[in-house]
$ cat query-v3.cif   # mmCIF, C-alpha atoms and all ligand atoms
data_input
loop_
_atom_site.label_atom_id
_atom_site.label_comp_id
_atom_site.auth_asym_id
_atom_site.auth_seq_id
_atom_site.Cartn_x
_atom_site.Cartn_y
_atom_site.Cartn_z
CA MET F 1 12.51 5.93 12.28
CA GLU F 2 14.36 3.33 10.21
CA VAL F 3 12.42 0.63 8.46
CA SER F 4 14.78 -1.92 7.07
CA GLY F 5 14.45 -5.51 5.97
CA ASP F 6 10.84 -6.55 6.32
CA GLN F 7 8.46 -3.71 5.59
CA PRO F 8 5.90 -3.20 8.31
CA ILE F 9 2.63 -4.64 7.04
CA LEU F 10 0.31 -3.23 9.67
CA VAL F 11 0.27 0.35 10.89
CA GLN F 12 -0.37 -0.97 14.40
CA SER F 13 2.91 -2.84 14.23
CA ILE F 14 4.67 0.51 13.76
CA THR F 15 2.77 2.48 16.35
CA GLN F 16 2.87 -0.21 19.03
CA LYS F 17 6.57 -0.92 18.80
CA HIS F 18 7.88 2.61 18.45
CA THR F 19 7.28 5.96 20.00
CA ASN F 20 8.92 7.86 17.15
CA SER F 21 7.96 11.27 15.94
CA VAL F 22 8.27 10.52 12.22
CA VAL F 23 6.42 8.13 9.92
CA PRO F 24 8.22 5.60 7.69
CA PRO F 25 8.86 6.99 4.19
CA GLN F 26 6.38 4.62 2.48
CA TYR F 27 3.54 6.48 4.20
CA ILE F 28 4.53 9.99 3.07
CA GLN F 29 2.16 11.37 0.45
CA PRO F 30 3.41 13.48 -2.47
CA PRO F 31 2.80 17.19 -1.71
CA GLU F 32 -0.28 17.43 -3.98
CA ASN F 33 -2.11 14.71 -2.00
CA ARG F 34 -1.33 15.95 1.49
CA PRO F 35 -4.23 17.19 3.60
CA THR F 36 -4.46 20.97 3.64
CA ASN F 37 -7.85 21.49 5.17
CA PRO F 38 -7.85 20.86 8.93
CA PRO F 39 -11.22 19.67 10.30
CA THR F 40 -11.89 22.90 12.18
CA GLN F 41 -11.95 25.02 9.01
CA ASN F 42 -15.27 23.86 7.55
CA PRO F 43 -17.41 26.85 6.60
CA SER F 44 -20.79 26.50 8.36
CA ASN F 45 -22.71 26.14 5.08
CA HIS F 46 -20.51 23.19 4.21
CA ASN F 47 -22.29 20.62 6.34
CA ILE F 48 -23.30 17.41 4.71
CA PRO F 49 -27.13 17.07 4.66
CA THR F 50 -28.99 15.06 7.28
CA ILE F 51 -32.20 13.39 6.14
CA ASP F 52 -34.79 12.20 8.65
CA LEU F 53 -36.30 9.09 7.06
CA THR F 54 -39.49 9.38 9.12
CA GLY F 55 -39.75 13.14 9.48
CA HIS F 56 -41.70 14.07 6.32
CA THR F 57 -45.48 14.20 6.26
CA ASN F 58 -45.34 14.65 2.48
CA PRO F 59 -43.35 11.79 0.86
CA ASN F 60 -42.44 14.05 -2.07
CA HIS F 61 -40.46 16.27 0.29
CA LEU F 62 -38.38 13.27 1.36
CA LEU F 63 -37.69 12.44 -2.29
CA ASP F 64 -36.78 16.08 -2.99
CA ASP F 65 -34.30 16.01 -0.10
CA ILE F 66 -32.81 12.75 -1.40
CA THR F 67 -32.44 14.21 -4.90
CA ARG F 68 -30.77 17.38 -3.62
CA ALA F 69 -28.40 15.48 -1.33
CA CYS F 70 -27.43 12.99 -4.07
CA LYS F 71 -26.83 15.73 -6.63
CA ASP F 72 -25.06 18.22 -4.37
CA TRP F 73 -23.03 15.88 -2.15
CA ALA F 74 -23.27 12.25 -3.34
CA ALA F 75 -23.40 11.45 0.39
CA PHE F 76 -25.76 12.26 3.26
CA HIS F 77 -26.53 11.31 6.83
CA VAL F 78 -29.77 9.48 7.57
CA ILE F 79 -31.44 9.53 10.98
CA ASN F 80 -34.50 7.61 12.19
CA HIS F 81 -33.20 4.96 9.84
CA GLY F 82 -34.67 1.97 11.68
CA VAL F 83 -31.32 0.48 12.77
CA PRO F 84 -31.21 0.24 16.58
CA VAL F 85 -28.82 2.93 17.79
CA LEU F 86 -27.52 0.50 20.42
CA LEU F 87 -26.32 -1.76 17.62
CA LEU F 88 -24.28 1.11 16.13
CA ASP F 89 -22.62 1.53 19.52
CA GLU F 90 -22.06 -2.19 19.89
CA ILE F 91 -20.28 -2.67 16.60
CA ARG F 92 -18.05 0.34 17.35
CA LYS F 93 -17.35 -1.19 20.76
CA VAL F 94 -16.47 -4.72 19.59
CA GLY F 95 -14.44 -3.33 16.68
CA SER F 96 -12.50 -1.02 18.96
CA SER F 97 -11.87 -3.87 21.39
CA PHE F 98 -10.37 -6.04 18.62
CA PHE F 99 -7.89 -3.32 17.62
CA LYS F 100 -7.14 -1.95 21.09
CA ASP F 101 -7.46 -4.82 23.57
CA LEU F 102 -6.20 -7.90 21.75
CA PRO F 103 -2.43 -8.47 21.65
CA MET F 104 -0.92 -8.32 18.14
CA GLU F 105 -0.20 -12.06 18.11
CA GLU F 106 -3.91 -12.73 18.69
CA ARG F 107 -4.96 -10.27 15.99
CA LEU F 108 -2.53 -11.85 13.54
CA LYS F 109 -4.39 -15.16 13.82
CA TYR F 110 -7.02 -13.45 11.66
CA ALA F 111 -4.60 -11.95 9.11
CA CYS F 112 -6.05 -11.69 5.60
CA ASP F 113 -4.28 -13.07 2.55
CA SER F 114 -2.42 -9.95 1.45
CA SER F 115 -1.82 -11.36 -2.05
CA ALA F 116 -5.57 -11.59 -2.82
CA PRO F 117 -7.62 -8.40 -3.20
CA ALA F 118 -10.39 -7.90 -0.59
CA SER F 119 -9.63 -11.14 1.21
CA GLU F 120 -11.38 -11.49 4.53
CA GLY F 121 -9.59 -10.64 7.78
CA TYR F 122 -7.09 -8.29 9.42
CA GLY F 123 -4.86 -6.31 7.07
CA SER F 124 -3.67 -2.91 5.92
CA ARG F 125 -3.21 -2.72 2.15
CA MET F 126 -6.64 -3.07 0.60
CA LEU F 127 -6.35 -0.11 -1.78
CA VAL F 128 -2.63 -0.42 -2.48
CA ALA F 129 -2.17 -1.32 -6.15
CA SER F 130 1.60 -1.72 -6.43
CA ASP F 131 4.66 -2.27 -4.27
CA ASP F 132 5.86 1.31 -4.76
CA ALA F 133 2.47 2.92 -3.98
CA VAL F 134 2.22 5.20 -0.95
CA LEU F 135 0.65 3.31 1.94
CA ASP F 136 -2.51 4.25 3.82
CA TRP F 137 -2.18 4.95 7.56
CA ARG F 138 -4.94 2.41 8.25
CA ASP F 139 -5.47 -1.14 9.39
CA TYR F 140 -8.79 -2.90 8.90
CA PHE F 141 -10.81 -6.03 9.43
CA ASP F 142 -12.88 -7.03 6.41
CA HIS F 143 -15.86 -9.37 6.87
CA HIS F 144 -17.68 -11.17 4.07
CA THR F 145 -21.28 -11.05 5.25
CA LEU F 146 -23.73 -11.59 2.35
CA PRO F 147 -24.96 -13.65 0.65
CA VAL F 148 -25.13 -15.84 3.73
CA CYS F 149 -23.19 -18.62 2.00
CA ARG F 150 -20.12 -16.30 2.21
CA ARG F 151 -20.65 -15.71 5.91
CA ASP F 152 -18.26 -17.75 8.05
CA PRO F 153 -18.19 -16.28 11.57
CA SER F 154 -15.52 -18.79 12.62
CA ARG F 155 -13.08 -16.55 10.69
CA TRP F 156 -14.11 -13.46 12.65
CA PRO F 157 -12.63 -12.50 16.02
CA HIS F 158 -13.69 -14.67 18.95
CA SER F 159 -13.03 -11.87 21.42
CA PRO F 160 -14.94 -9.98 22.73
CA SER F 161 -17.36 -12.89 23.07
CA ASN F 162 -20.26 -11.08 21.37
CA TYR F 163 -18.17 -9.93 18.36
CA ARG F 164 -19.55 -12.45 15.85
CA GLU F 165 -23.15 -12.07 16.96
CA VAL F 166 -22.96 -8.26 16.71
CA VAL F 167 -21.45 -8.37 13.20
CA GLY F 168 -24.12 -10.83 12.02
CA GLU F 169 -26.92 -8.66 13.36
CA TYR F 170 -25.33 -5.50 12.00
CA SER F 171 -25.09 -7.09 8.55
CA ASP F 172 -28.81 -7.94 8.54
CA GLN F 173 -29.79 -4.44 9.69
CA MET F 174 -27.56 -2.73 7.12
CA LYS F 175 -29.09 -4.83 4.36
CA LEU F 176 -32.56 -3.58 5.33
CA LEU F 177 -31.36 0.02 5.40
CA ALA F 178 -29.55 -0.35 2.06
CA GLN F 179 -32.76 -1.68 0.48
CA LYS F 180 -34.71 1.24 1.94
CA VAL F 181 -32.24 3.83 0.66
CA LEU F 182 -31.87 2.23 -2.79
CA GLY F 183 -35.68 2.26 -3.02
CA LEU F 184 -35.75 5.99 -2.27
CA ILE F 185 -32.96 6.69 -4.74
CA SER F 186 -34.79 4.74 -7.47
CA THR F 187 -38.12 6.48 -6.76
CA SER F 188 -36.46 9.91 -6.68
CA LEU F 189 -35.52 9.33 -10.34
CA GLY F 190 -38.99 8.24 -11.42
CA LEU F 191 -37.97 4.57 -11.52
CA SER F 192 -39.87 1.80 -9.74
CA SER F 193 -38.80 1.54 -6.12
CA SER F 194 -37.17 -1.87 -6.69
CA PHE F 195 -35.36 -0.81 -9.89
CA ILE F 196 -31.82 -0.60 -8.53
CA GLU F 197 -32.28 -3.59 -6.23
CA ASP F 198 -33.53 -5.68 -9.17
CA ALA F 199 -30.63 -4.54 -11.35
CA MET F 200 -28.19 -5.36 -8.57
CA GLY F 201 -29.54 -8.93 -8.29
CA GLU F 202 -28.15 -10.99 -5.44
CA LEU F 203 -26.72 -8.62 -2.86
CA TYR F 204 -23.04 -8.95 -1.97
CA GLN F 205 -22.18 -7.23 1.28
CA ASN F 206 -18.80 -6.69 2.98
CA ILE F 207 -18.25 -4.93 6.30
CA THR F 208 -14.89 -3.25 6.79
CA ILE F 209 -13.96 -1.94 10.22
CA SER F 210 -11.12 0.55 9.72
CA TYR F 211 -8.75 1.56 12.48
CA TYR F 212 -6.52 4.60 12.02
CA PRO F 213 -3.87 4.78 14.76
CA ALA F 214 -2.84 8.27 15.88
CA CYS F 215 -0.16 9.45 13.47
CA PRO F 216 2.96 11.43 14.41
CA GLN F 217 2.85 13.40 11.12
CA PRO F 218 -0.77 13.88 10.04
CA GLU F 219 0.23 16.68 7.68
CA LEU F 220 2.20 14.23 5.52
CA THR F 221 -0.08 11.21 5.50
CA LEU F 222 -3.56 9.99 4.59
CA GLY F 223 -5.54 7.41 6.54
CA LEU F 224 -7.12 6.36 3.28
CA GLN F 225 -6.29 7.75 -0.14
CA SER F 226 -8.83 9.55 -2.30
CA HIS F 227 -11.28 7.14 -3.93
CA SER F 228 -14.88 6.41 -4.74
CA ASP F 229 -16.42 3.11 -3.62
CA PHE F 230 -16.95 0.73 -6.53
CA GLY F 231 -20.33 -0.84 -5.62
CA PHE F 232 -23.82 0.68 -5.32
CA ILE F 233 -23.95 2.21 -1.84
CA THR F 234 -21.83 2.23 1.28
CA LEU F 235 -23.36 2.75 4.71
CA LEU F 236 -20.76 4.19 7.06
CA ILE F 237 -20.59 5.00 10.74
CA GLN F 238 -17.65 6.58 12.53
CA ASP F 239 -16.66 7.05 16.15
CA ASN F 240 -16.41 10.56 17.63
CA VAL F 241 -13.03 11.35 16.03
CA ALA F 242 -13.35 13.31 12.78
CA GLY F 243 -11.32 12.20 9.76
CA LEU F 244 -13.60 11.38 6.83
CA GLN F 245 -13.59 14.00 4.08
CA VAL F 246 -15.67 14.28 0.92
CA ILE F 247 -15.10 16.45 -2.15
CA LYS F 248 -17.60 19.29 -2.41
CA ASP F 249 -17.23 21.87 -5.17
CA GLY F 250 -13.60 20.88 -5.61
CA GLU F 251 -12.70 21.19 -1.91
CA TRP F 252 -12.22 18.62 0.79
CA VAL F 253 -14.88 18.96 3.47
CA THR F 254 -14.77 17.06 6.77
CA VAL F 255 -17.86 15.02 7.67
CA ASP F 256 -18.49 15.77 11.33
CA PRO F 257 -19.31 12.57 13.24
CA VAL F 258 -22.98 12.19 14.26
CA SER F 259 -23.17 9.20 16.58
CA ASP F 260 -26.74 8.05 15.87
CA ALA F 261 -26.68 8.73 12.13
CA VAL F 262 -25.63 6.48 9.26
CA LEU F 263 -23.78 8.08 6.35
CA VAL F 264 -24.93 6.99 2.88
CA ILE F 265 -22.13 7.16 0.29
CA LEU F 266 -23.02 6.71 -3.39
CA GLY F 267 -20.76 4.30 -5.24
CA ASP F 268 -19.68 3.96 -8.88
CA GLN F 269 -22.42 1.49 -9.88
CA THR F 270 -25.04 4.04 -8.78
CA GLU F 271 -23.33 6.62 -11.01
CA ILE F 272 -23.50 4.18 -13.95
CA ILE F 273 -27.11 3.04 -13.46
CA THR F 274 -28.38 6.61 -12.95
CA ASN F 275 -26.45 7.60 -16.09
CA GLY F 276 -24.51 10.17 -14.08
CA ILE F 277 -27.60 12.01 -12.79
CA TYR F 278 -26.19 11.01 -9.40
CA LYS F 279 -22.39 10.84 -9.21
CA SER F 280 -20.37 8.66 -6.88
CA CYS F 281 -18.78 10.37 -3.90
CA GLN F 282 -15.04 11.01 -3.89
CA HIS F 283 -13.78 10.68 -0.35
CA ARG F 284 -10.69 10.01 1.77
CA ALA F 285 -9.69 9.80 5.44
CA ILE F 286 -7.13 12.03 7.10
CA THR F 287 -5.17 11.20 10.25
CA ASN F 288 -4.52 13.11 13.45
CA ALA F 289 -1.72 13.18 15.98
CA ASN F 290 -3.73 12.58 19.13
CA LYS F 291 -6.42 9.96 18.86
CA PRO F 292 -6.98 6.73 17.01
CA ARG F 293 -10.11 6.70 14.86
CA LEU F 294 -12.54 3.91 13.97
CA SER F 295 -15.11 3.61 11.20
CA VAL F 296 -17.38 0.82 10.02
CA ALA F 297 -18.15 0.77 6.28
CA THR F 298 -20.77 -1.62 4.88
CA PHE F 299 -20.51 -2.08 1.11
CA HIS F 300 -23.41 -3.24 -1.09
CA ASP F 301 -22.38 -4.70 -4.42
CA PRO F 302 -23.75 -6.91 -7.20
CA ALA F 303 -22.37 -10.36 -8.09
CA LYS F 304 -19.23 -10.26 -10.25
CA THR F 305 -21.28 -11.79 -13.11
CA THR F 306 -23.78 -8.90 -13.15
CA THR F 307 -23.66 -6.32 -15.93
CA VAL F 308 -24.59 -2.80 -14.87
CA THR F 309 -26.16 -0.59 -17.54
CA PRO F 310 -27.38 3.02 -17.50
CA ALA F 311 -31.16 3.22 -16.96
CA PHE F 312 -31.58 6.33 -19.12
CA LYS F 313 -30.90 7.17 -22.77
CA PRO F 314 -28.70 8.18 -24.40
CA PRO F 315 -26.23 6.28 -22.20
CA ARG F 316 -23.31 8.36 -21.00
CA TYR F 317 -21.40 5.35 -19.62
CA HIS F 318 -20.41 2.03 -21.13
CA GLN F 319 -22.15 -0.89 -19.48
CA VAL F 320 -19.77 -2.94 -17.41
CA LEU F 321 -19.40 -6.47 -16.11
CA TYR F 322 -19.01 -5.83 -12.40
CA GLY F 323 -16.23 -8.42 -11.99
CA ASP F 324 -14.17 -6.68 -14.70
CA TYR F 325 -14.73 -3.32 -13.03
CA VAL F 326 -13.50 -4.58 -9.67
CA SER F 327 -10.42 -6.32 -11.16
CA SER F 328 -9.40 -3.24 -13.08
CA TRP F 329 -9.96 -1.10 -9.97
CA TYR F 330 -7.66 -3.29 -7.89
CA THR F 331 -5.03 -3.46 -10.64
CA LYS F 332 -4.82 0.28 -11.24
CA GLY F 333 -5.62 1.52 -7.74
CA PRO F 334 -8.28 4.13 -7.05
CA ASN F 335 -6.51 7.42 -7.79
CA GLY F 336 -9.65 9.42 -7.07
CA LYS F 337 -12.38 8.66 -9.61
CA ARG F 338 -10.30 7.57 -12.58
CA ASN F 339 -11.92 4.10 -12.82
CA ILE F 340 -15.45 5.40 -13.35
CA ASP F 341 -14.23 8.23 -15.58
CA ALA F 342 -12.75 5.58 -17.89
CA LEU F 343 -16.31 4.35 -18.63
CA LEU F 344 -17.57 7.73 -19.81
CA ILE F 345 -18.82 7.73 -23.41
O1 LIG F 401 -12.87 5.60 7.48
C1 LIG F 401 -13.64 6.24 6.77
O2 LIG F 401 -14.33 7.13 7.23
C2 LIG F 401 -13.72 5.93 5.30
C3 LIG F 401 -13.64 4.47 4.94
C4 LIG F 401 -13.80 4.25 3.46
O3 LIG F 401 -13.96 5.15 2.70
C5 LIG F 401 -13.75 2.89 2.89
O4 LIG F 401 -13.49 1.92 3.64
O5 LIG F 401 -13.98 2.76 1.66
FE FE F 402 -14.68 4.45 0.76
#
$ encode --input "query-v3.cif" --output "structure tokens"
Amino acid sequence: MEVSGDQPILVQSITQKHTNSVVPPQYIQPPENRPTNPPTQNPSNHNIPTIDLTGHTNPNHLLDDITRACKDWAAFHVINHGVPVLLLDEIRKVGSSFFKDLPMEERLKYACDSSAPASEGYGSRMLVASDDAVLDWRDYFDHHTLPVCRRDPSRWPHSPSNYREVVGEYSDQMKLLAQKVLGLISTSLGLSSSFIEDAMGELYQNITISYYPACPQPELTLGLQSHSDFGFITLLIQDNVAGLQVIKDGEWVTVDPVSDAVLVILGDQTEIITNGIYKSCQHRAITNANKPRLSVATFHDPAKTTTVTPAFKPPRYHQVLYGDYVSSWYTKGPNGKRNIDALLI
């Protein structure tokens, strides 16, 4: 297909207007970044761990499982997490309705400011650092949810009618789960259970609903390029279409969707504060030719004025002012884990 004049800004604007069998050139990844590992090829021992948060009679066994999952995978599913499973379904449902049921002109009323990084609203280029960068085959809606002074539901979709209520409730529930998981991660390292939460200070939370339209050339594209998340932890749910991959022992492994589970993804600030005992998770999303895919990622970050410092000596990372870390991340683009690697001593 020809893309001339105005570049398409949203992937949905390409897929809804055209029924072409090729993707525009800006979305074609260089050969070394193209997906090579179709979802069906996961060896059976390559399943991301699932941790039952209520299923251990001995609390030390839970901490051992957390330690192993953080060290081996930097990501793990939690079940019996305390978040009502109906709420997981509801946020998937309202998110899907925004992307699938609303006409484009309605969706565009919520367009984010594409010149400002991580601005709230409907957009497509969150991780794109420069005009000549390869584009992700993804559209998203980003919500600023915490602290509550950042929360302005009037800027969130008004349709379906329960959208704003569901996102508000989801935000509160994810905060509780993030605190629970950060407590377990702290304790698993011999720190006080509130150590990471105290170091994080006031919690900044964003919820990004990502929508990956079916792609005519999945072998050439990525839904989301390889990156690690820059905050402390991300809590992610997906629909029943596989697409998320994490790096495990140098290979991309697909995370099979588990509808009632929440996936915990360790971010760069957790790598810094744990002095690299736990690394952040390198991940990406691939596309497929048949079905659109939806995920909901909830990010938990410190204030931009917070300095994050390794909790153990000797430090293996430079301490960092979080605001500087985020600005440099958006300026350079993710390119895998290069931003955190730059802090290594
Ligand atoms: O869609 C996914 O599964 C991944 C989303 C993600 O990694 C992100 O938004 O940072
Ligand atoms: Fe991510």
$ closest_atom_pairs --input "query-v3.cif" --of "chain F" --to "ligand LIG 401 (chain F)" --cutoff "6 Å" --atoms "only C-alpha atoms and all ligand atoms" --output "CSV"
residue,atom,partner,partner_atom,distance
F:Ser210,CA,F:LIG401,O1,5.8
F:Asp229,CA,F:LIG401,O5,5.8
F:Leu244,CA,F:LIG401,O2,4.3
F:Arg284,CA,F:LIG401,O3,5.9
F:Ala285,CA,F:LIG401,C1,5.5
F:Ser295,CA,F:LIG401,O1,4.8
F:Ala297,CA,F:LIG401,O4,5.5
$ closest_atom_pairs --input "query-v3.cif" --of "segment 134-220 of chain F" --to "segment 290-294 of chain F" --cutoff "10 Å" --atoms "only C-alpha atoms" --output "CSV"
residue,atom,partner,partner_atom,distance
F:Arg138,CA,F:Arg293,CA,9.4
F:Asp139,CA,F:Leu294,CA,9.8
F:Tyr140,CA,F:Leu294,CA,9.3
F:Ile209,CA,F:Leu294,CA,7.1
F:Ser210,CA,F:Leu294,CA,5.6
F:Tyr211,CA,F:Leu294,CA,4.7
F:Tyr212,CA,F:Arg293,CA,5.0
F:Pro213,CA,F:Pro292,CA,4.3
F:Ala214,CA,F:Pro292,CA,4.6
F:Cys215,CA,F:Asn290,CA,7.4
F:Pro216,CA,F:Asn290,CA,8.3
F:Pro218,CA,F:Asn290,CA,9.6
$ residues_around --input "query-v3.cif" --residues "segment 271-279 of chain F" --least-positions-apart "3" --cutoff "6 Å" --atoms "all atoms listed in the file" --output "PyMOL selection string"
chain F and resi 70-71+268+309-311+316
$ write_last_selection --input "query-v3.cif" --atoms "C-alpha atoms" --output "CSV table (one decimal), keeping the file's coordinate frame"
chain,number,residue,atom,x,y,z
F,70,CYS,CA,-27.4,13.0,-4.1
F,71,LYS,CA,-26.8,15.7,-6.6
F,268,ASP,CA,-19.7,4.0,-8.9
F,309,THR,CA,-26.2,-0.6,-17.5
F,310,PRO,CA,-27.4,3.0,-17.5
F,311,ALA,CA,-31.2,3.2,-17.0
F,316,ARG,CA,-23.3,8.4,-21.0
$ residues_near_ligand --input "query-v3.cif" --ligand "ligand FE 402 (chain F)" --cutoff "10 Å" --atoms "all atoms listed in the file" --output "short mmCIF file (atom, residue, chain, number, x, y, z; two decimals) with C-alpha atoms, keeping the file's coordinate frame"
data_model
loop_
_atom_site.label_atom_id
_atom_site.label_comp_id
_atom_site.auth_asym_id
_atom_site.auth_seq_id
_atom_site.Cartn_x
_atom_site.Cartn_y
_atom_site.Cartn_z
CA LEU F 127 -6.35 -0.11 -1.78
CA THR F 208 -14.89 -3.25 6.79
CA LEU F 224 -7.12 6.36 3.28
CA GLN F 225 -6.29 7.75 -0.14
CA SER F 226 -8.83 9.55 -2.30
CA HIS F 227 -11.28 7.14 -3.93
CA SER F 228 -14.88 6.41 -4.74
CA ASP F 229 -16.42 3.11 -3.62
CA PHE F 230 -16.95 0.73 -6.53
CA ILE F 233 -23.95 2.21 -1.84
CA THR F 234 -21.83 2.23 1.28
CA LEU F 235 -23.36 2.75 4.71
CA LEU F 236 -20.76 4.19 7.06
CA LEU F 244 -13.60 11.38 6.83
CA VAL F 246 -15.67 14.28 0.92
CA ILE F 265 -22.13 7.16 0.29
CA LEU F 266 -23.02 6.71 -3.39
CA GLY F 267 -20.76 4.30 -5.24
CA CYS F 281 -18.78 10.37 -3.90
CA GLN F 282 -15.04 11.01 -3.89
CA HIS F 283 -13.78 10.68 -0.35
CA ARG F 284 -10.69 10.01 1.77
CA ALA F 285 -9.69 9.80 5.44
CA ALA F 297 -18.15 0.77 6.28
CA THR F 298 -20.77 -1.62 4.88
CA PHE F 299 -20.51 -2.08 1.11
#
$ residues_around --input "query-v3.cif" --residues "Ile345 of chain F" --least-positions-apart "6" --cutoff "9 Å" --atoms "all atoms listed in the file" --output "PyMOL selection string"
chain F and resi 315-318
$ atom_distance --input "query-v3.cif" --atom1 "atom CA of Ser114 of chain F" --atom2 "atom CA of Met126 of chain F"
8.1 Å
$ closest_residue --input "query-v3.cif" --among "F:Leu263, F:Ile9, F:Val85, F:Val320" --to "Ala178 of chain F" --atoms "only C-alpha atoms"
F:Leu263
$ closest_residue --input "query-v3.cif" --among "F:Val23, F:Ala342, F:Ile207, F:Ala75" --to "Ser280 of chain F" --atoms "only C-alpha atoms"
F:Ala75
$ atom_distance --input "query-v3.cif" --atom1 "atom CA of Gly323 of chain F" --atom2 "atom CA of Gly231 of chain F"
10.7 Å
$ atom_distance --input "query-v3.cif" --atom1 "atom CA of Gly243 of chain F" --atom2 "atom CA of Pro153 of chain F"
29.4 Å
$ closest_residue --input "query-v3.cif" --among "F:Ser259, F:Ser21, F:Asp132, F:Asp142" --to "Ala289 of chain F" --atoms "all atoms listed in the file"
F:Ser21
$ residues_around --input "query-v3.cif" --residues "segment 157-162 of chain F" --least-positions-apart "5" --cutoff "12 Å" --atoms "all atoms listed in the file" --output "ChimeraX atom specification"
/F:87,90-91,93-103,106-111,120-122,141-143,152,167-169
$ closest_residue --input "query-v3.cif" --among "F:Thr307, F:Thr15, F:Thr50, F:Gln238" --to "Leu321 of chain F" --atoms "only C-alpha atoms"
F:Thr307
$ residues_around --input "query-v3.cif" --residues "Val262 of chain F" --least-positions-apart "3" --cutoff "6 Å" --atoms "all atoms listed in the file" --output "list in words"
His77, Val78, Leu236 and Ile237 of chain F
$ write_last_selection --input "query-v3.cif" --atoms "C-alpha atoms" --output "PDB file, in the coordinates of the input"
ATOM      1  CA  HIS F  77     -26.530  11.310   6.830  1.00  0.00           C
ATOM      2  CA  VAL F  78     -29.770   9.480   7.570  1.00  0.00           C
ATOM      3  CA  LEU F 236     -20.760   4.190   7.060  1.00  0.00           C
ATOM      4  CA  ILE F 237     -20.590   5.000  10.740  1.00  0.00           C
TER       5      ILE F 237
END
$ axis_aligned_box --input "query-v3.cif" --around "segment 175-186 of chain F" --padding-each-side "5 Å" --output "lines of an AutoDock Vina configuration file"
center_x = -32.4
center_y = 0.9
center_z = -1.0
size_x = 16.7
size_y = 21.5
size_z = 22.9
$ residues_around --input "query-v3.cif" --residues "Thr305 of chain F" --least-positions-apart "2" --cutoff "12 Å" --atoms "only C-alpha atoms" --output "mmCIF file with C-alpha atoms, in the frame of the given file"
data_model
loop_
_atom_site.group_PDB
_atom_site.id
_atom_site.type_symbol
_atom_site.label_atom_id
_atom_site.label_comp_id
_atom_site.auth_asym_id
_atom_site.auth_seq_id
_atom_site.Cartn_x
_atom_site.Cartn_y
_atom_site.Cartn_z
ATOM 1 C CA ALA F 199 -30.630 -4.540 -11.350
ATOM 2 C CA MET F 200 -28.190 -5.360 -8.570
ATOM 3 C CA GLY F 201 -29.540 -8.930 -8.290
ATOM 4 C CA GLU F 202 -28.150 -10.990 -5.440
ATOM 5 C CA TYR F 204 -23.040 -8.950 -1.970
ATOM 6 C CA ASP F 301 -22.380 -4.700 -4.420
ATOM 7 C CA PRO F 302 -23.750 -6.910 -7.200
ATOM 8 C CA ALA F 303 -22.370 -10.360 -8.090
ATOM 9 C CA THR F 307 -23.660 -6.320 -15.930
ATOM 10 C CA VAL F 308 -24.590 -2.800 -14.870
ATOM 11 C CA VAL F 320 -19.770 -2.940 -17.410
ATOM 12 C CA LEU F 321 -19.400 -6.470 -16.110
ATOM 13 C CA TYR F 322 -19.010 -5.830 -12.400
ATOM 14 C CA GLY F 323 -16.230 -8.420 -11.990
ATOM 15 C CA ASP F 324 -14.170 -6.680 -14.700
ATOM 16 C CA TYR F 325 -14.730 -3.320 -13.030
ATOM 17 C CA VAL F 326 -13.500 -4.580 -9.670
#
$ closest_residue --input "query-v3.cif" --among "F:Val11, F:Arg34, F:Asp239, F:Pro49" --to "Leu135 of chain F" --atoms "only C-alpha atoms"
F:Val11
$ closest_residue --input "query-v3.cif" --among "F:Gly55, F:Met174, F:Met104, F:Gly250" --to "Thr145 of chain F" --atoms "only C-alpha atoms"
F:Met174
$ decode --input "query-v3.cif" --residues "segment 292-314 of chain F" --atoms "C-alpha atoms" --output "PDB file, in the first residue's frame"
ATOM      1  CA  PRO F 292      -6.576  -8.145  17.123  1.00  0.00           C
ATOM      2  CA  ARG F 293      -5.039  -8.345  20.595  1.00  0.00           C
ATOM      3  CA  LEU F 294      -5.618  -6.281  23.732  1.00  0.00           C
ATOM      4  CA  SER F 295      -3.542  -5.863  26.880  1.00  0.00           C
ATOM      5  CA  VAL F 296      -3.835  -3.651  29.944  1.00  0.00           C
ATOM      6  CA  ALA F 297      -0.541  -2.594  31.554  1.00  0.00           C
ATOM      7  CA  THR F 298      -0.531  -0.777  34.904  1.00  0.00           C
ATOM      8  CA  PHE F 299       2.776   0.963  35.647  1.00  0.00           C
ATOM      9  CA  HIS F 300       3.957   1.866  39.161  1.00  0.00           C
ATOM     10  CA  ASP F 301       6.574   4.588  39.301  1.00  0.00           C
ATOM     11  CA  PRO F 302       8.085   7.078  41.758  1.00  0.00           C
ATOM     12  CA  ALA F 303       7.749  10.872  41.457  1.00  0.00           C
ATOM     13  CA  LYS F 304      10.166  12.453  38.964  1.00  0.00           C
ATOM     14  CA  THR F 305      11.922  14.154  41.923  1.00  0.00           C
ATOM     15  CA  THR F 306      12.744  10.837  43.632  1.00  0.00           C
ATOM     16  CA  THR F 307      16.289   9.493  43.571  1.00  0.00           C
ATOM     17  CA  VAL F 308      16.553   5.713  43.389  1.00  0.00           C
ATOM     18  CA  THR F 309      19.640   4.161  44.984  1.00  0.00           C
ATOM     19  CA  PRO F 310      20.835   0.551  45.301  1.00  0.00           C
ATOM     20  CA  ALA F 311      19.914  -0.946  48.701  1.00  0.00           C
ATOM     21  CA  PHE F 312      23.038  -3.128  48.885  1.00  0.00           C
ATOM     22  CA  LYS F 313      26.780  -2.464  48.901  1.00  0.00           C
ATOM     23  CA  PRO F 314      28.944  -2.155  46.969  1.00  0.00           C
TER      24      PRO F 314
END
